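Below is the file entry-v3.cif, which contains mmCIF, C-alpha atoms and all ligand atoms.
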data_protein
loop_
_atom_site.group_PDB
_atom_site.id
_atom_site.type_symbol
_atom_site.label_atom_id
_atom_site.label_comp_id
_atom_site.auth_asym_id
_atom_site.auth_seq_id
_atom_site.Cartn_x
_atom_site.Cartn_y
_atom_site.Cartn_z
ATOM 1 C CA MET H 1 -4.613 -5.077 12.828
ATOM 2 C CA ARG H 2 -2.064 -2.642 11.424
ATOM 3 C CA LYS H 3 -0.520 -2.007 14.784
ATOM 4 C CA ASN H 4 0.087 -5.698 15.503
ATOM 5 C CA ALA H 5 0.420 -7.616 12.256
ATOM 6 C CA LEU H 6 3.586 -6.014 10.952
ATOM 7 C CA PRO H 7 5.661 -6.159 14.145
ATOM 8 C CA SER H 8 4.676 -9.759 14.881
ATOM 9 C CA LEU H 9 5.531 -10.835 11.354
ATOM 10 C CA LEU H 10 8.878 -9.083 11.627
ATOM 11 C CA VAL H 11 9.617 -10.697 14.988
ATOM 12 C CA ALA H 12 8.646 -14.129 13.664
ATOM 13 C CA GLY H 13 10.819 -13.685 10.627
ATOM 14 C CA ILE H 14 13.820 -12.369 12.511
ATOM 15 C CA ALA H 15 13.500 -15.254 14.974
ATOM 16 C CA ALA H 16 13.305 -17.723 12.100
ATOM 17 C CA ALA H 17 16.384 -16.181 10.533
ATOM 18 C CA ALA H 18 18.254 -16.246 13.849
ATOM 19 C CA PHE H 19 17.488 -19.944 14.393
ATOM 20 C CA THR H 20 18.744 -20.883 10.972
ATOM 21 C CA THR H 21 22.251 -22.211 11.310
ATOM 22 C CA SER H 22 22.966 -22.401 7.602
ATOM 23 C CA THR H 23 25.545 -19.907 6.431
ATOM 24 C CA GLN H 24 24.556 -20.324 2.800
ATOM 25 C CA ALA H 25 24.443 -16.995 1.014
ATOM 26 C CA PHE H 26 21.557 -16.250 -1.274
ATOM 27 C CA ALA H 27 22.026 -14.040 -4.288
ATOM 28 C CA TYR H 28 19.868 -11.010 -3.635
ATOM 29 C CA GLY H 29 20.445 -7.979 -5.731
ATOM 30 C CA ALA H 30 21.360 -6.787 -9.203
ATOM 31 C CA GLY H 31 19.355 -8.282 -12.061
ATOM 32 C CA ASP H 32 16.580 -9.791 -9.927
ATOM 33 C CA PHE H 33 13.025 -9.516 -11.105
ATOM 34 C CA PHE H 34 10.672 -9.976 -8.199
ATOM 35 C CA THR H 35 7.022 -10.196 -7.281
ATOM 36 C CA ARG H 36 5.458 -9.836 -3.852
ATOM 37 C CA VAL H 37 2.020 -11.261 -3.150
ATOM 38 C CA GLY H 38 -0.130 -10.888 -0.075
ATOM 39 C CA VAL H 39 -3.056 -9.314 1.653
ATOM 40 C CA ALA H 40 -3.003 -5.535 1.953
ATOM 41 C CA LYS H 41 -4.978 -3.387 4.317
ATOM 42 C CA VAL H 42 -5.670 0.219 3.348
ATOM 43 C CA GLU H 43 -6.154 2.294 6.477
ATOM 44 C CA PRO H 44 -7.108 5.914 5.718
ATOM 45 C CA LYS H 45 -5.919 8.528 8.158
ATOM 46 C CA SER H 46 -8.327 9.034 11.054
ATOM 47 C CA ASP H 47 -9.374 12.590 10.226
ATOM 48 C CA ASN H 48 -10.509 12.848 6.622
ATOM 49 C CA GLY H 49 -11.684 16.426 6.985
ATOM 50 C CA THR H 50 -14.970 18.088 6.175
ATOM 51 C CA ILE H 51 -16.770 18.915 2.943
ATOM 52 C CA ALA H 52 -19.743 21.046 1.926
ATOM 53 C CA ASN H 53 -18.414 24.127 3.714
ATOM 54 C CA GLY H 54 -17.735 22.224 6.905
ATOM 55 C CA THR H 55 -21.234 20.794 7.278
ATOM 56 C CA LEU H 56 -20.284 17.164 6.594
ATOM 57 C CA ASP H 57 -17.585 15.418 8.594
ATOM 58 C CA VAL H 58 -15.996 12.680 6.475
ATOM 59 C CA ASP H 59 -14.863 9.278 7.729
ATOM 60 C CA VAL H 60 -13.359 6.866 5.195
ATOM 61 C CA GLN H 61 -13.142 3.331 6.593
ATOM 62 C CA ASP H 62 -10.516 0.579 6.203
ATOM 63 C CA ASP H 63 -10.540 -2.191 3.656
ATOM 64 C CA SER H 64 -8.356 -5.212 2.904
ATOM 65 C CA ALA H 65 -7.788 -6.911 -0.428
ATOM 66 C CA PHE H 66 -5.428 -9.153 -2.360
ATOM 67 C CA ALA H 67 -2.410 -7.217 -3.602
ATOM 68 C CA PHE H 68 0.752 -7.914 -5.533
ATOM 69 C CA THR H 69 3.810 -6.077 -6.755
ATOM 70 C CA LEU H 70 6.245 -6.391 -9.634
ATOM 71 C CA GLY H 71 9.788 -5.114 -9.440
ATOM 72 C CA TYR H 72 13.327 -5.111 -10.738
ATOM 73 C CA ARG H 73 16.733 -4.532 -9.163
ATOM 74 C CA PHE H 74 19.010 -2.389 -11.309
ATOM 75 C CA THR H 75 21.884 -2.798 -8.868
ATOM 76 C CA ASP H 76 22.372 -4.666 -5.582
ATOM 77 C CA LYS H 77 21.070 -1.657 -3.691
ATOM 78 C CA LEU H 78 18.639 0.068 -6.072
ATOM 79 C CA GLY H 79 15.352 -1.208 -7.411
ATOM 80 C CA VAL H 80 11.929 -0.193 -8.626
ATOM 81 C CA GLU H 81 8.571 -1.685 -7.622
ATOM 82 C CA LEU H 82 4.990 -1.275 -8.809
ATOM 83 C CA LEU H 83 2.185 -1.988 -6.329
ATOM 84 C CA ALA H 84 -1.045 -3.299 -7.811
ATOM 85 C CA ALA H 85 -4.146 -4.793 -6.233
ATOM 86 C CA GLU H 86 -7.709 -5.805 -6.790
ATOM 87 C CA PRO H 87 -10.005 -2.837 -6.106
ATOM 88 C CA PHE H 88 -10.416 -1.775 -2.500
ATOM 89 C CA ASP H 89 -13.991 -1.036 -1.382
ATOM 90 C CA HIS H 90 -14.288 1.620 1.311
ATOM 91 C CA GLY H 91 -17.314 2.558 3.337
ATOM 92 C CA ILE H 92 -17.660 6.303 3.912
ATOM 93 C CA THR H 93 -19.680 8.012 6.618
ATOM 94 C CA LEU H 94 -20.750 11.626 6.175
ATOM 95 C CA ASP H 95 -21.695 13.025 9.568
ATOM 96 C CA ALA H 96 -24.006 16.043 9.338
ATOM 97 C CA GLY H 97 -24.125 16.515 13.108
ATOM 98 C CA GLY H 98 -27.146 16.128 15.361
ATOM 99 C CA GLY H 99 -27.056 12.356 14.873
ATOM 100 C CA THR H 100 -27.580 12.551 11.113
ATOM 101 C CA GLU H 101 -25.261 10.270 9.170
ATOM 102 C CA ILE H 102 -25.205 9.664 5.445
ATOM 103 C CA GLY H 103 -23.625 6.448 4.187
ATOM 104 C CA ALA H 104 -21.534 6.287 1.043
ATOM 105 C CA SER H 105 -18.953 4.021 -0.507
ATOM 106 C CA THR H 106 -16.371 3.857 -3.264
ATOM 107 C CA ASP H 107 -14.042 1.404 -4.934
ATOM 108 C CA HIS H 108 -10.535 2.506 -5.705
ATOM 109 C CA LEU H 109 -7.350 1.284 -7.312
ATOM 110 C CA PRO H 110 -4.107 2.849 -6.040
ATOM 111 C CA PRO H 111 -1.206 1.763 -8.303
ATOM 112 C CA THR H 112 2.045 3.026 -6.801
ATOM 113 C CA LEU H 113 5.533 3.160 -8.298
ATOM 114 C CA THR H 114 8.520 3.478 -5.963
ATOM 115 C CA VAL H 115 12.273 3.672 -6.407
ATOM 116 C CA GLN H 116 13.878 1.632 -3.645
ATOM 117 C CA TYR H 117 17.080 1.445 -1.659
ATOM 118 C CA TYR H 118 18.243 -1.880 -0.197
ATOM 119 C CA PRO H 119 21.018 -1.093 2.315
ATOM 120 C CA LEU H 120 22.069 -4.761 2.664
ATOM 121 C CA GLY H 121 21.615 -5.712 -0.988
ATOM 122 C CA GLY H 122 24.519 -7.772 -2.305
ATOM 123 C CA THR H 123 25.509 -8.959 1.192
ATOM 124 C CA ASP H 124 24.870 -12.330 2.882
ATOM 125 C CA ALA H 125 22.182 -10.874 5.166
ATOM 126 C CA ARG H 126 19.000 -12.937 5.243
ATOM 127 C CA VAL H 127 17.018 -10.037 6.630
ATOM 128 C CA GLN H 128 16.825 -7.507 3.801
ATOM 129 C CA PRO H 129 15.099 -4.228 4.601
ATOM 130 C CA TYR H 130 14.297 -1.596 2.040
ATOM 131 C CA ALA H 131 12.788 1.856 1.734
ATOM 132 C CA GLY H 132 11.379 3.668 -1.245
ATOM 133 C CA ILE H 133 9.857 6.883 -2.487
ATOM 134 C CA GLY H 134 7.674 7.432 -5.494
ATOM 135 C CA ILE H 135 4.311 8.347 -6.868
ATOM 136 C CA ASN H 136 0.743 7.133 -6.404
ATOM 137 C CA TYR H 137 -2.147 7.351 -8.828
ATOM 138 C CA THR H 138 -5.579 6.531 -7.452
ATOM 139 C CA THR H 139 -8.725 6.125 -9.498
ATOM 140 C CA PHE H 140 -12.167 5.812 -7.926
ATOM 141 C CA SER H 141 -15.158 3.915 -9.290
ATOM 142 C CA ASP H 142 -18.632 2.747 -8.246
ATOM 143 C CA GLU H 143 -19.134 5.729 -5.953
ATOM 144 C CA GLU H 144 -22.470 5.406 -4.169
ATOM 145 C CA ILE H 145 -24.336 7.522 -1.644
ATOM 146 C CA ASP H 146 -27.516 6.972 0.369
ATOM 147 C CA GLY H 147 -30.436 8.521 -1.446
ATOM 148 C CA GLY H 148 -28.955 7.809 -4.850
ATOM 149 C CA GLY H 149 -27.229 11.094 -5.667
ATOM 150 C CA ASP H 150 -24.567 11.243 -8.360
ATOM 151 C CA LEU H 151 -21.414 11.029 -6.217
ATOM 152 C CA GLU H 152 -18.076 11.415 -7.955
ATOM 153 C CA LEU H 153 -14.527 11.309 -6.582
ATOM 154 C CA ASP H 154 -11.793 12.728 -8.803
ATOM 155 C CA ASP H 155 -8.634 10.779 -9.574
ATOM 156 C CA SER H 156 -5.650 11.628 -7.400
ATOM 157 C CA TRP H 157 -1.896 11.921 -8.024
ATOM 158 C CA GLY H 158 0.387 12.175 -5.022
ATOM 159 C CA ALA H 159 3.654 11.257 -3.371
ATOM 160 C CA ALA H 160 4.279 7.826 -1.873
ATOM 161 C CA GLY H 161 6.724 6.443 0.666
ATOM 162 C CA GLN H 162 7.469 2.823 1.472
ATOM 163 C CA VAL H 163 9.329 0.602 3.919
ATOM 164 C CA GLY H 164 9.562 -3.178 3.853
ATOM 165 C CA VAL H 165 11.607 -6.229 4.660
ATOM 166 C CA ASP H 166 12.291 -9.557 2.975
ATOM 167 C CA LEU H 167 13.250 -12.520 5.166
ATOM 168 C CA LEU H 168 15.088 -14.809 2.787
ATOM 169 C CA ILE H 169 14.108 -18.491 2.782
ATOM 170 C CA ASP H 170 16.060 -19.665 -0.266
ATOM 171 C CA ASP H 171 17.282 -18.400 -3.625
ATOM 172 C CA ASN H 172 13.742 -17.591 -4.760
ATOM 173 C CA TRP H 173 11.414 -17.224 -1.807
ATOM 174 C CA ALA H 174 11.196 -14.818 1.095
ATOM 175 C CA LEU H 175 8.645 -13.786 3.672
ATOM 176 C CA ASN H 176 7.704 -10.167 3.175
ATOM 177 C CA ALA H 177 6.126 -7.347 5.124
ATOM 178 C CA ALA H 178 5.736 -3.891 3.657
ATOM 179 C CA ALA H 179 3.995 -0.612 4.309
ATOM 180 C CA TRP H 180 3.285 2.370 2.090
ATOM 181 C CA TYR H 181 2.146 5.866 2.876
ATOM 182 C CA LEU H 182 0.090 7.341 0.040
ATOM 183 C CA ASP H 183 -0.892 10.981 -0.310
ATOM 184 C CA ILE H 184 -4.408 10.616 -1.748
ATOM 185 C CA ASP H 185 -6.585 13.728 -1.873
ATOM 186 C CA THR H 186 -9.764 13.680 -3.931
ATOM 187 C CA ASP H 187 -12.221 16.321 -4.979
ATOM 188 C CA VAL H 188 -15.811 15.307 -4.174
ATOM 189 C CA LYS H 189 -18.752 16.214 -6.390
ATOM 190 C CA LEU H 190 -22.425 15.487 -5.815
ATOM 191 C CA GLY H 191 -24.306 16.075 -9.021
ATOM 192 C CA PRO H 192 -23.386 19.605 -10.162
ATOM 193 C CA ASP H 193 -22.089 20.621 -6.718
ATOM 194 C CA ASP H 194 -18.408 20.668 -5.839
ATOM 195 C CA LEU H 195 -18.302 19.698 -2.150
ATOM 196 C CA GLY H 196 -14.577 20.132 -1.646
ATOM 197 C CA GLU H 197 -11.574 17.930 -1.002
ATOM 198 C CA VAL H 198 -11.285 14.794 1.105
ATOM 199 C CA GLU H 199 -7.889 13.692 2.410
ATOM 200 C CA ILE H 200 -7.649 9.920 2.491
ATOM 201 C CA ASP H 201 -3.837 9.700 2.930
ATOM 202 C CA PRO H 202 -3.797 6.013 3.898
ATOM 203 C CA VAL H 203 -1.177 3.694 5.236
ATOM 204 C CA VAL H 204 -1.198 0.431 3.283
ATOM 205 C CA VAL H 205 0.170 -2.577 5.147
ATOM 206 C CA MET H 206 0.883 -5.792 3.275
ATOM 207 C CA ALA H 207 2.065 -9.178 4.520
ATOM 208 C CA GLY H 208 2.894 -12.073 2.238
ATOM 209 C CA VAL H 209 5.700 -13.661 0.288
ATOM 210 C CA SER H 210 8.323 -12.495 -2.184
ATOM 211 C CA TYR H 211 9.468 -14.497 -5.181
ATOM 212 C CA ARG H 212 12.502 -13.423 -7.197
ATOM 213 C CA PHE H 213 13.916 -14.801 -10.407
HETATM 214 NI NI NI E 301 -3.010 14.521 1.463
#

Just dump the structure as structure tokens.
Amino acid sequence: MRKNALPSLLVAGIAAAAFTTSTQAFAYGAGDFFTRVGVAKVEPKSDNGTIANGTLDVDVQDDSAFAFTLGYRFTDKLGVELLAAEPFDHGITLDAGGGTEIGASTDHLPPTLTVQYYPLGGTDARVQPYAGIGINYTTFSDEEIDGGGDLELDDSWGAAGQVGVDLLIDDNWALNAAAWYLDIDTDVKLGPDDLGEVEIDPVVVMAGVSYRF
């Protein structure tokens, strides 16, 4: 879904903008508070590494959930945005080789704060791209593993990057597509044993609407 949803939304939006003959300019910039609401898919990187001295190959699976952001534009071109969401629930497969797989799962919340640059902010452009960099904090909960061991994933702090685009509809509403890269690495413990670090490092893709006020 990640590979298709974002481009097709962008194409649809750009086409919609191109077919609009109105030359009305919409204020888009300094002083705007905004919220973006949509469905986000968290897609961990394909190779999540190994734990337990290389004996368990880790695969963290995708999940989608409702997500929203809150933000503010300090100037026409600079803003800040906080990504929030309901908890994501990821299946995890631990492959011990020889056809032995252990199932596990975890919930997580990955709030992410980015400082953003809007190159066309303050202009009449109805297609408003942006990019941001910032920080991610991820907390894990409800970790479960087949056999009922005490699985624990440590909280993670890491860098975040973001790109997105608003396709302005009117003075308040826009279609939005956005993607984040989050550096999420977590230390895995099973009971008293430290099994090592798992790299989740997902891309988060969100499609929805923006509302600014
Ligand atoms: Ni990482």

### Task
Take atom CA of Leu153 of chain H and atom CA of Ala65 of chain H and report the distance between them in Å, one decimal.
20.4 Å

### Message
Let me see if you get this right: every residue at most 7 Å from ligand NI 301 (chain E), counting all atoms listed in the file, written as number ranges by chain.
### Response
H: 183-185, 199-201

### Message
Translate the PyMOL selection byres (((chain H and resi 68-75) around 12) and not hetatm) into a concrete residue list for this structure, as an NGL selection string.
### Response
:H and (27-40 or 65-67 or 76-87 or 110-122 or 130 or 176-178 or 205-213)

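Within a radius of 8 Å around (4.3, 6.3, 1.7), the polymer residues are Ile133, Ala159, Ala160, Gly161, Gln162, Val163, Ala179, Trp180, Tyr181, Leu182, Asp183 and Val203 of chain H, counting all atoms listed in the file.
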
Using C-alpha atoms, can you export the residues from the last selection as a short mmCIF file (atom, residue, chain, number, x, y, z; two decimals), keeping the file's coordinate frame?
data_model
loop_
_atom_site.label_atom_id
_atom_site.label_comp_id
_atom_site.auth_asym_id
_atom_site.auth_seq_id
_atom_site.Cartn_x
_atom_site.Cartn_y
_atom_site.Cartn_z
CA ILE H 133 9.86 6.88 -2.49
CA ALA H 159 3.65 11.26 -3.37
CA ALA H 160 4.28 7.83 -1.87
CA GLY H 161 6.72 6.44 0.67
CA GLN H 162 7.47 2.82 1.47
CA VAL H 163 9.33 0.60 3.92
CA ALA H 179 4.00 -0.61 4.31
CA TRP H 180 3.28 2.37 2.09
CA TYR H 181 2.15 5.87 2.88
CA LEU H 182 0.09 7.34 0.04
CA ASP H 183 -0.89 10.98 -0.31
CA VAL H 203 -1.18 3.69 5.24
#

### Query
Asp57 of chain H: which residues within 7 Å, counting all atoms listed in the file, same-chain residues fewer than 6 positions away excluded, as a PyMOL selection string?
chain H and resi 49-51+94-96

Step by step, work through what the PyMOL selection byres (((chain H and resi 59) around 7) and not hetatm) selects in the shown file, and finish by giving those residues as a PDB file with C-alpha atoms, in the coordinates of the input.
ATOM      1  CA  ASP H  47      -9.374  12.590  10.226  1.00  0.00           C
ATOM      2  CA  ASN H  48     -10.509  12.848   6.622  1.00  0.00           C
ATOM      3  CA  ASP H  57     -17.585  15.418   8.594  1.00  0.00           C
ATOM      4  CA  VAL H  58     -15.996  12.680   6.475  1.00  0.00           C
ATOM      5  CA  VAL H  60     -13.359   6.866   5.195  1.00  0.00           C
ATOM      6  CA  GLN H  61     -13.142   3.331   6.593  1.00  0.00           C
ATOM      7  CA  ILE H  92     -17.660   6.303   3.912  1.00  0.00           C
ATOM      8  CA  THR H  93     -19.680   8.012   6.618  1.00  0.00           C
ATOM      9  CA  LEU H  94     -20.750  11.626   6.175  1.00  0.00           C
TER      10      LEU H  94
END

### Query
Could you write out as a VMD selection string the residues that the PyMOL selection byres (((chain H and resi 154) around 8) and not hetatm) matches in the shown file?
chain H and resid 139 to 140 152 to 153 155 to 156 186 to 188

### Task
Report the distance between atom CA of Asp89 of chain H and atom CA of Ser46 of chain H in Å, rounded to one decimal place.
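Pair atom CA of Asp89 of chain H / atom CA of Ser46 of chain H returns 17.0 Å.
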
### Message
Rounded to one decimal, what separation in Å do you get between atom CA of Ser105 of chain H and atom CA of Ile145 of chain H?
### Response
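Going from atom CA of Ser105 of chain H over to atom CA of Ile145 of chain H, I get 6.5 Å.
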